[in-house]
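Next comes query.cif, a file with mmCIF, C-alpha atoms.
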data_work
loop_
_atom_site.label_atom_id
_atom_site.label_comp_id
_atom_site.auth_asym_id
_atom_site.auth_seq_id
_atom_site.Cartn_x
_atom_site.Cartn_y
_atom_site.Cartn_z
CA MET A 25 0.00 0.00 0.00
CA PRO A 26 1.42 3.45 -0.93
CA GLN A 27 2.58 5.41 2.07
CA LYS A 28 1.54 8.89 3.13
CA LEU A 29 4.35 11.42 3.46
CA ALA A 30 4.57 14.54 5.61
CA VAL A 31 7.22 17.23 5.34
CA ILE A 32 7.78 19.38 8.41
CA GLY A 33 9.72 22.49 7.42
CA CYS A 34 9.35 23.71 3.85
CA GLY A 35 12.77 25.30 3.34
CA LYS A 36 15.30 24.92 0.55
CA MET A 37 16.36 21.38 1.38
CA ALA A 38 12.79 20.10 1.67
CA TYR A 39 12.04 21.82 -1.64
CA ALA A 40 15.00 20.08 -3.28
CA ILE A 41 13.86 16.71 -1.93
CA LEU A 42 10.28 17.02 -3.13
CA LYS A 43 11.36 18.47 -6.47
CA GLY A 44 13.34 15.33 -7.29
CA LEU A 45 11.01 12.82 -5.67
CA ASN A 46 8.56 10.56 -7.50
CA ARG A 47 5.55 12.06 -5.73
CA GLN A 48 3.14 9.69 -7.46
CA ALA A 49 4.61 6.88 -5.34
CA PHE A 50 2.84 8.32 -2.27
CA ALA A 51 -0.87 8.13 -1.54
CA ALA A 52 -0.77 11.67 -0.17
CA ILE A 53 1.74 14.36 0.78
CA TYR A 54 1.24 16.79 3.67
CA CYS A 55 3.32 19.81 4.60
CA ASN A 56 3.74 22.20 7.48
CA ASP A 57 5.84 25.33 7.93
CA ILE A 58 5.75 28.29 10.31
CA ASN A 59 5.65 30.50 7.20
CA PRO A 60 2.29 30.04 5.44
CA ALA A 61 3.80 31.25 2.16
CA ARG A 62 6.18 28.29 2.10
CA SER A 63 3.37 25.81 2.73
CA ALA A 64 1.38 27.47 -0.06
CA LEU A 65 4.35 27.06 -2.40
CA PHE A 66 4.51 23.33 -1.65
CA GLU A 67 0.77 23.06 -2.29
CA ALA A 68 1.07 24.83 -5.63
CA GLU A 69 4.19 23.08 -6.93
CA PHE A 70 3.97 19.62 -5.41
CA GLY A 71 0.27 19.04 -4.79
CA ALA A 72 0.89 18.80 -1.04
CA THR A 73 -1.84 19.48 1.50
CA ALA A 74 -0.88 22.16 4.01
CA CYS A 75 -2.08 21.46 7.53
CA ALA A 76 -1.21 21.96 11.17
CA LEU A 77 1.86 20.26 12.64
CA CYS A 78 0.02 17.59 14.62
CA GLU A 79 -2.46 16.93 11.81
CA SER A 80 0.35 16.32 9.31
CA ILE A 81 2.10 13.89 11.65
CA ASP A 82 -1.16 12.06 12.44
CA ALA A 83 -1.98 11.65 8.75
CA ALA A 84 1.43 10.36 7.61
CA ASP A 85 3.34 7.08 7.81
CA MET A 86 6.68 8.73 6.95
CA ILE A 87 7.70 12.18 8.15
CA ILE A 88 10.64 14.14 6.74
CA LEU A 89 11.80 16.60 9.39
CA ALA A 90 13.53 19.53 7.70
CA VAL A 91 13.23 22.41 10.16
CA LYS A 92 16.24 24.37 11.39
CA PRO A 93 18.02 22.66 14.32
CA GLN A 94 17.16 25.68 16.47
CA GLN A 95 13.43 25.02 15.86
CA LEU A 96 13.55 21.35 16.83
CA ALA A 97 12.73 21.77 20.53
CA GLN A 98 9.58 23.75 19.78
CA VAL A 99 8.44 21.28 17.12
CA MET A 100 8.88 18.35 19.49
CA GLU A 101 7.13 20.17 22.34
CA ASP A 102 4.17 20.99 20.10
CA SER A 103 3.91 17.43 18.76
CA GLN A 104 4.15 15.43 21.98
CA GLY A 105 2.12 12.25 21.92
CA ARG A 106 1.92 12.14 18.12
CA TRP A 107 5.02 10.04 17.50
CA THR A 108 3.89 6.43 17.48
CA ALA A 109 5.54 3.11 16.65
CA ASP A 110 3.90 2.90 13.22
CA LYS A 111 5.69 6.00 11.92
CA LEU A 112 9.15 6.61 10.45
CA LEU A 113 10.94 9.89 11.14
CA ILE A 114 13.54 10.89 8.55
CA SER A 115 15.61 13.82 9.80
CA VAL A 116 17.79 16.05 7.62
CA LEU A 117 18.78 18.28 10.55
CA ALA A 118 22.50 19.00 10.72
CA GLY A 119 24.18 17.75 13.87
CA VAL A 120 21.11 16.26 15.58
CA LYS A 121 21.73 12.62 16.52
CA THR A 122 19.24 9.78 16.13
CA GLU A 123 19.42 9.12 19.87
CA SER A 124 18.27 12.68 20.60
CA LEU A 125 15.37 12.35 18.18
CA GLU A 126 14.35 8.98 19.58
CA LYS A 127 14.29 10.49 23.06
CA ALA A 128 12.33 13.52 21.87
CA THR A 129 9.69 11.30 20.26
CA GLY A 130 9.22 9.21 23.40
CA GLY A 131 11.32 6.24 22.34
CA LYS A 132 8.60 4.75 20.14
CA THR A 133 9.29 6.07 16.64
CA ALA A 134 12.01 4.76 14.33
CA VAL A 135 14.49 7.44 13.24
CA ILE A 136 16.75 7.66 10.21
CA ARG A 137 19.18 10.54 9.87
CA VAL A 138 20.08 11.84 6.42
CA MET A 139 22.49 14.48 5.17
CA PRO A 140 21.60 15.40 1.57
CA ASN A 141 22.89 18.38 -0.42
CA THR A 142 21.29 20.93 -2.71
CA PRO A 143 22.23 19.28 -6.05
CA CYS A 144 19.40 16.88 -5.12
CA LEU A 145 17.30 19.58 -6.80
CA ILE A 146 18.53 18.43 -10.21
CA GLY A 147 18.98 14.75 -9.43
CA GLN A 148 22.74 15.11 -8.92
CA GLY A 149 22.89 15.12 -5.13
CA ILE A 150 24.54 12.77 -2.71
CA SER A 151 22.90 11.78 0.55
CA ALA A 152 24.42 9.93 3.50
CA LEU A 153 22.07 7.90 5.71
CA CYS A 154 22.38 6.24 9.10
CA ALA A 155 19.78 4.34 11.09
CA GLY A 156 18.73 4.81 14.69
CA LYS A 157 18.29 1.89 17.07
CA LEU A 158 14.61 1.37 16.26
CA ALA A 159 14.82 1.54 12.47
CA THR A 160 14.30 -1.75 10.66
CA PRO A 161 16.17 -2.83 7.50
CA ALA A 162 12.93 -2.35 5.53
CA GLN A 163 12.59 1.23 6.80
CA MET A 164 16.21 1.93 5.98
CA GLN A 165 15.66 0.59 2.47
CA ALA A 166 12.58 2.79 2.05
CA ALA A 167 14.61 5.86 3.02
CA GLN A 168 17.45 4.87 0.68
CA ASP A 169 14.97 4.43 -2.16
CA ILE A 170 13.73 7.99 -1.64
CA PHE A 171 17.14 9.62 -1.65
CA ALA A 172 18.50 7.45 -4.47
CA GLN A 173 15.95 9.23 -6.67
CA LEU A 174 17.81 12.47 -5.96
CA GLY A 175 21.28 11.26 -6.99
CA LYS A 176 23.44 8.89 -4.96
CA ALA A 177 22.62 7.50 -1.53
CA VAL A 178 25.24 5.98 0.75
CA THR A 179 25.06 4.42 4.21
CA VAL A 180 27.54 5.54 6.88
CA GLU A 181 28.10 5.10 10.60
CA GLU A 182 26.51 7.89 12.58
CA LYS A 183 29.87 8.92 14.07
CA LEU A 184 30.82 10.11 10.56
CA MET A 185 27.74 12.27 9.95
CA ASP A 186 29.25 15.53 11.22
CA ALA A 187 32.17 15.05 8.83
CA VAL A 188 29.78 14.21 5.99
CA THR A 189 27.87 17.41 6.77
CA ALA A 190 31.06 19.45 6.55
CA VAL A 191 32.16 17.86 3.25
CA SER A 192 29.18 17.02 1.04
CA GLY A 193 26.40 18.83 2.90
CA SER A 194 28.24 22.17 2.88
CA GLY A 195 30.41 21.28 -0.11
CA PRO A 196 28.29 22.85 -2.88
CA ALA A 197 28.88 26.28 -1.32
CA TYR A 198 32.64 25.72 -1.45
CA VAL A 199 32.44 24.68 -5.10
CA PHE A 200 30.26 27.66 -6.03
CA SER A 201 32.73 29.97 -4.27
CA VAL A 202 35.67 28.50 -6.23
CA VAL A 203 33.81 28.79 -9.53
CA GLU A 204 32.81 32.38 -8.76
CA ALA A 205 36.42 33.27 -7.93
CA MET A 206 37.69 31.68 -11.18
CA ILE A 207 35.12 33.59 -13.24
CA ASN A 208 36.02 36.88 -11.55
CA ALA A 209 39.72 36.20 -12.10
CA ALA A 210 39.07 35.43 -15.77
CA VAL A 211 37.26 38.75 -16.19
CA ASN A 212 40.20 40.45 -14.48
CA VAL A 213 42.60 39.23 -17.17
CA GLY A 214 40.38 40.45 -20.01
CA LEU A 215 37.67 37.87 -20.79
CA ASP A 216 34.07 39.01 -20.95
CA ALA A 217 31.79 37.59 -18.27
CA ALA A 218 29.84 35.23 -20.56
CA LEU A 219 32.96 33.64 -22.05
CA ALA A 220 34.59 33.45 -18.62
CA ARG A 221 31.58 31.56 -17.25
CA GLU A 222 31.50 29.18 -20.22
CA LEU A 223 35.22 28.39 -19.94
CA VAL A 224 35.18 27.89 -16.18
CA LEU A 225 32.07 25.70 -16.10
CA ALA A 226 33.29 23.52 -18.96
CA THR A 227 36.71 23.22 -17.35
CA CYS A 228 35.22 22.16 -14.01
CA LYS A 229 32.81 19.67 -15.59
CA GLY A 230 35.51 18.17 -17.78
CA SER A 231 38.01 17.91 -14.94
CA LEU A 232 35.52 16.14 -12.66
CA ALA A 233 34.51 13.79 -15.46
CA MET A 234 38.18 13.00 -16.04
CA LEU A 235 38.68 12.27 -12.34
CA GLU A 236 35.83 9.75 -12.46
CA ALA A 237 36.89 8.19 -15.76
CA GLU A 238 40.58 7.84 -14.90
CA ASN A 239 40.01 6.73 -11.28
CA ALA A 240 43.34 8.36 -10.45
CA HIS A 241 44.43 10.47 -7.49
CA PRO A 242 43.85 14.19 -8.19
CA ALA A 243 47.55 14.88 -7.66
CA VAL A 244 48.44 12.55 -10.56
CA LEU A 245 46.14 14.37 -12.96
CA ARG A 246 47.31 17.76 -11.70
CA GLU A 247 50.93 16.81 -12.37
CA GLN A 248 50.02 15.85 -15.93
CA VAL A 249 48.89 19.45 -16.59
CA CYS A 250 51.95 21.07 -15.01
CA SER A 251 54.74 21.34 -17.60
CA PRO A 252 58.20 22.36 -16.34
CA ALA A 253 58.48 26.15 -16.05
CA GLY A 254 55.05 26.46 -17.69
CA THR A 255 51.95 28.56 -17.06
CA THR A 256 50.09 25.96 -15.01
CA ILE A 257 52.81 25.30 -12.45
CA ALA A 258 53.17 29.07 -12.01
CA GLY A 259 49.46 29.31 -11.25
CA VAL A 260 49.46 26.28 -8.94
CA ARG A 261 52.46 27.71 -7.06
CA GLN A 262 50.51 30.92 -6.47
CA LEU A 263 47.48 28.99 -5.20
CA GLU A 264 49.70 27.19 -2.71
CA ALA A 265 51.42 30.43 -1.70
CA ASN A 266 48.02 31.95 -0.95
CA GLY A 267 47.00 29.03 1.22
CA LEU A 268 44.41 27.26 -0.94
CA ARG A 269 44.92 23.91 0.77
CA LYS A 270 44.87 25.47 4.26
CA ALA A 271 41.69 27.37 3.40
CA PHE A 272 39.88 24.11 2.62
CA PHE A 273 41.25 22.36 5.69
CA ASP A 274 40.05 25.27 7.84
CA ALA A 275 36.66 25.57 6.14
CA ILE A 276 35.79 21.89 6.51
CA GLU A 277 37.07 21.84 10.10
CA LYS A 278 34.88 24.88 10.96
CA ALA A 279 31.81 23.32 9.34
CA TYR A 280 32.51 20.05 11.17
CA GLN A 281 32.74 21.79 14.54
CA ARG A 282 29.57 23.78 13.83
CA SER A 283 27.67 20.57 13.07
CA ILE A 284 28.78 19.19 16.44
CA GLU A 285 27.67 22.42 18.15
CA LEU A 286 24.23 22.29 16.54
CA GLY A 287 23.76 18.78 17.87
CA LYS A 288 24.36 19.99 21.42
CA GLN A 289 21.90 22.87 21.34
#
What do you get writing this file as structure tokens?
Amino acid sequence: MPQKLAVIGCGKMAYAILKGLNRQAFAAIYCNDINPARSALFEAEFGATACALCESIDAADMIILAVKPQQLAQVMEDSQGRWTADKLLISVLAGVKTESLEKATGGKTAVIRVMPNTPCLIGQGISALCAGKLATPAQMQAAQDIFAQLGKAVTVEEKLMDAVTAVSGSGPAYVFSVVEAMINAAVNVGLDAALARELVLATCKGSLAMLEAENAHPAVLREQVCSPAGTTIAGVRQLEANGLRKAFFDAIEKAYQRSIELGKQ
């Protein structure tokens, strides 16, 4: 029998999930958000039924929790008594552990924690999943089936989820920042903005495709581009001099620590 799905929190990540999901696979979809405009958007674009928090939980078999971590306590306080053993809670909240969610739901509801990323919007995302103590293999498979529709879905140990958040969850922002910087630098040396964008995007896409096709370490492919005393090694030397590698180490470490902090709030 097709399941009924509820989405609590209609932000950007929930939007990306529903956009890529086969919505016809569900008997009904419900949504709830503190901002009525967001619920109305989900009604208009996805055919969801906007309703109160407790009503959406009562009506659904599977609930995707996509509120901000800072809103979790209020959501759980307002929904006490609604989390029963016949429901599956799928959380995409950064930092919040399955154990905390199981406790907040009264220890009856199975919990699966997921860290997706925004390329899910175009079916090119990657999502990492881990199961709480109450989740069955069948429930885990159901969650994997959902997120596999949005790109790739991998299973990890929960102790790795903060690191996953810092790398793939936050990663698109790092990539967009690098691409933006390359385009700006290209304009600085005389290319018009449209050509700069075309060159940079094609270069990034081709380089990533080459990494996948060759199955080689990035350093090997980088060395193949760097001719002795050539233009590329001069540019790479400048990147290293300006701390490119350190910047990424620091950024991922900061995101990792922030994910841990969010889980403690």
inquiry  = Applying 8 Å and all atoms listed in the file, which residues near Pro143 of chain A remain after dropping the ones on its own chain fewer than 4 positions away? List them as a ChimeraX atom specification.
reply    = /A:40,147-150,196
message = Counting all atoms listed in the file, which residue out of A:Phe273, A:Asp169, A:Val178, A:Thr189 sits closest to Leu45 of chain A?
response = A:Asp169
task = Mind giving me the straight-line distance from atom CA of Asn239 of chain A to atom CA of Pro252 of chain A in Å, one decimal?
result =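 Straight-line distance from atom CA of Asn239 of chain A to atom CA of Pro252 of chain A works out to 24.5 Å.
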query = On this structure, which residues satisfy the PyMOL selection byres ((chain A and resi 289) around 9), written as a ChimeraX atom specification?
reply = /A:93-94,120,285-288
message = What's the separation between atom CA of Pro140 of chain A and atom CA of Lys176 of chain A, in Å to one decimal place?
response =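 Here the two named atoms are 9.4 Å from each other.
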